[in-house]
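A quick write-up on the structure given underneath.
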Amino acid sequence: MRHIDDSPITRDGNSLILAYDHGTEHGPVDFEPMPKSADPTHVFEVGRHDAVTAIALQKGNAEYYRAWERENDVGDGAPLLVKLNGNSNLAKRDDYYSPKQCSVRYAAEELDADAVGYTMYAGSLHEDEMWKEFRDVQEAARKHNLPVVMWSYPRGKGIQENDEYTGQEDPDVVAYGARLGLELGADMVKCKYPGTQAGWQQVEDAVSGLKTVMSGGSKRSDDAFLEDVYSTIAVGGNGLAVGRNIFQREDPEGLLDDLERVIFEGTDPAEL
Ligand code: FBP
């Protein structure tokens with residue numbers, strides 16, 4: 001039994017995390033194709049779909065989410081995953097770093113979080129610093145009985161300057177990042193799709209049953225997206241953490257219906 005097994009952010013062992021931290025990571029440009037997605041309450045509503053097992057928010061929107069739930073008497077909103085660190089594209093840095101701006105204590109006690117998330121840029125010049133921060137996050141999360149999801153995104157000079165690696169979606173790199181989640185005590189790792197099912201198999205081989213979820217990426221056609229998600233589920237993946245492929249759609253419900261069947265019932269998209 002692992003810490004996450006009885007968590008509300010999983011359903012029958014799998015998860016669909018609706019990520020909505022893009023206003024920090026990318027800025028308002030991510031809302032341009034669908035202007036109503038700049039309004040957090042629009043995405044909070046989307047998160048009420050049955051398929052969604054958690055909504056991932058930065059502190060400010062997490063506070064807003066809890067207030068919105070109270071004001072609208074929303075008893076069945078998605079469980080809340082508070083993203084503890086984040087960074088903007090405005091900053092000029094020597095390498096990737098994601099500073100922490102919410103403590104586990106605040107997430108647990110003030111926001112009544114159901115889980116916490118932390119981005120780890122292994123391979124960056126700032127990897128050591130992030131390991132130390134993650135250590136504190138992981139230990140505090142254990143005290144508050146909160147599962148920890150690691151956004152495991154190896155990137156930076158250590159990857160760029162190593163001739164053995166082709167980039168951050170190289171299966172060797174993605175699998176190494178996923179393994180770090182197991183080693184450092186995460187309950188779930190969120191990884192970039194390495195391009196093929198064989199690549200995701202490599203991820204699964206590295207983590208000994210630790211929960212894995214695929215990171216959504218930029219918006220694609222429904223068919224291509226569902227195919228990639230299914231290819232991870234078929235080899236032991238545990239679902240998806242997705243933002244743009246949901247909130248950049250005019251009607252996200254149709255895709256969420258299909259994702260529900262693929263992730264929680266293992267349905268091949270060809271049969272939908
Ligand atoms: P998407 O499904 O839109 O890719 O969101 C997943 C996510 O991890 C978000 O939580 C985060 O904002 C974004 O991707 C970061 O992406 P990147 O660092 O690759 O630009």
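Following the order of the structure tokens, chains are lettered A, B, ..., residues in each are numbered from 1, and ligands are numbered from 1.
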
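Around ligand 1, the neighbouring residues within 7 Å, taking only C-alpha atoms and all ligand atoms, come to Ala19, Tyr20, Asp21, His22, Glu25, His26, Trp151, Ser215, Gly216, Gly217, Ser218, Ala241, Val242, Gly243, Arg244 and Asn245 of chain A.
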
Which residues are close to range 177-190 of chain A, i.e. within 9 Å by only C-alpha atoms, leaving aside same-chain residues fewer than 5 positions away? Reply as number ranges by chain. A: 2-4, 120-122, 131, 134-135, 138-139, 147-154, 172, 203-204, 206-208, 210-215, 240-241

Please, could you write that set of residues out with N, CA and C atoms as a compact mmCIF listing (two decimals), in the first residue's frame?
```txt
# COMPACT_ATOMS: atom_id res chain seq x y z
N ARG A 2 0.62 2.14 -0.93
CA ARG A 2 1.38 3.39 -0.97
C ARG A 2 0.47 4.53 -0.51
N HIS A 3 1.11 5.65 -0.16
CA HIS A 3 0.36 6.77 0.41
C HIS A 3 -0.83 7.22 -0.43
N ILE A 4 -0.71 7.07 -1.74
CA ILE A 4 -1.72 7.66 -2.61
C ILE A 4 -2.93 6.74 -2.81
N MET A 120 10.06 19.57 -10.56
CA MET A 120 11.49 19.30 -10.38
C MET A 120 12.19 19.37 -11.72
N TYR A 121 13.14 20.31 -11.85
CA TYR A 121 13.94 20.40 -13.07
C TYR A 121 15.28 19.73 -12.84
N ALA A 122 15.30 18.40 -12.83
CA ALA A 122 16.59 17.71 -12.74
C ALA A 122 17.37 18.04 -14.02
N TRP A 131 16.23 19.87 -5.08
CA TRP A 131 16.19 18.63 -4.26
C TRP A 131 15.95 18.98 -2.80
N PHE A 134 12.44 20.06 -2.33
CA PHE A 134 11.53 18.91 -2.45
C PHE A 134 11.58 18.05 -1.19
N ARG A 135 12.77 17.91 -0.63
CA ARG A 135 12.89 17.15 0.62
C ARG A 135 11.95 17.72 1.69
N GLN A 138 8.28 17.11 0.75
CA GLN A 138 7.86 15.71 0.89
C GLN A 138 7.68 15.33 2.36
N GLU A 139 8.59 15.81 3.19
CA GLU A 139 8.49 15.45 4.62
C GLU A 139 7.29 16.14 5.27
N PRO A 147 -0.73 13.38 -0.46
CA PRO A 147 0.12 12.85 -1.53
C PRO A 147 0.87 13.96 -2.27
N VAL A 148 2.04 13.60 -2.76
CA VAL A 148 2.89 14.56 -3.48
C VAL A 148 3.03 14.12 -4.93
N VAL A 149 2.65 15.02 -5.83
CA VAL A 149 2.83 14.75 -7.26
C VAL A 149 4.04 15.54 -7.73
N MET A 150 5.01 14.84 -8.31
CA MET A 150 6.18 15.53 -8.85
C MET A 150 5.98 15.76 -10.35
N TRP A 151 5.97 17.04 -10.74
CA TRP A 151 6.04 17.39 -12.16
C TRP A 151 7.51 17.13 -12.52
N SER A 152 7.82 15.98 -13.06
CA SER A 152 9.23 15.63 -13.26
C SER A 152 9.66 16.01 -14.66
N TYR A 153 10.26 17.18 -14.77
CA TYR A 153 10.62 17.73 -16.08
C TYR A 153 12.13 17.96 -16.15
N PRO A 154 12.90 16.90 -16.42
CA PRO A 154 14.35 17.12 -16.54
C PRO A 154 14.64 18.06 -17.71
N ASP A 172 15.22 8.13 -22.44
CA ASP A 172 16.19 7.91 -21.35
C ASP A 172 16.08 9.03 -20.31
N VAL A 203 9.59 4.27 -19.15
CA VAL A 203 9.24 5.01 -17.92
C VAL A 203 8.69 4.03 -16.89
N GLU A 204 7.75 3.20 -17.31
CA GLU A 204 7.14 2.25 -16.37
C GLU A 204 8.19 1.28 -15.82
N ALA A 206 11.08 1.86 -15.15
CA ALA A 206 12.00 2.54 -14.22
C ALA A 206 11.38 2.81 -12.86
N VAL A 207 10.04 2.69 -12.72
CA VAL A 207 9.43 3.23 -11.50
C VAL A 207 8.79 2.20 -10.59
N SER A 208 8.84 0.94 -10.96
CA SER A 208 8.38 -0.12 -10.07
C SER A 208 6.98 0.14 -9.50
N LEU A 210 5.26 2.90 -9.23
CA LEU A 210 4.89 4.26 -8.81
C LEU A 210 3.88 4.81 -9.82
N LYS A 211 2.91 5.58 -9.33
CA LYS A 211 1.90 6.14 -10.24
C LYS A 211 2.56 7.10 -11.22
N THR A 212 2.17 6.98 -12.49
CA THR A 212 2.69 7.86 -13.53
C THR A 212 1.51 8.51 -14.26
N VAL A 213 1.62 9.80 -14.55
CA VAL A 213 0.62 10.42 -15.42
C VAL A 213 1.33 11.19 -16.53
N MET A 214 0.72 11.14 -17.69
CA MET A 214 1.28 11.81 -18.86
C MET A 214 0.94 13.29 -18.84
N SER A 215 1.89 14.12 -19.19
CA SER A 215 1.66 15.55 -19.28
C SER A 215 1.02 15.87 -20.64
N LEU A 240 -3.47 11.05 -16.66
CA LEU A 240 -3.13 12.27 -17.38
C LEU A 240 -3.17 13.46 -16.44
N ALA A 241 -2.27 14.41 -16.67
CA ALA A 241 -2.42 15.74 -16.07
C ALA A 241 -2.42 16.69 -17.26
```

Just want the 12 Å neighbourhood of Thr53 in chain A, counted on only C-alpha atoms, with same-chain residues fewer than 3 positions away dropped. Output as a ChimeraX atom specification. /A:7-19,46-50,56,76-81,114-115,238-242,256,259-260,263-264

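Considering only C-alpha atoms, the residue among A:Asn87, A:Gln248, A:Thr166, A:Ser231 positioned nearest to Pro33 in chain A is A:Gln248.
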
DSSP on the backbone, then: every residue of range 74-228 of chain A marked helix (DSSP H, G or I), written as a PyMOL selection string. chain A and resi 104-110+127-143+157-160+171-184+197-207+222-228

Would you list, as a count of residues only, the residues of range 25-225 of chain A that end up in strand (DSSP E or B) under DSSP run on this structure's backbone? 30
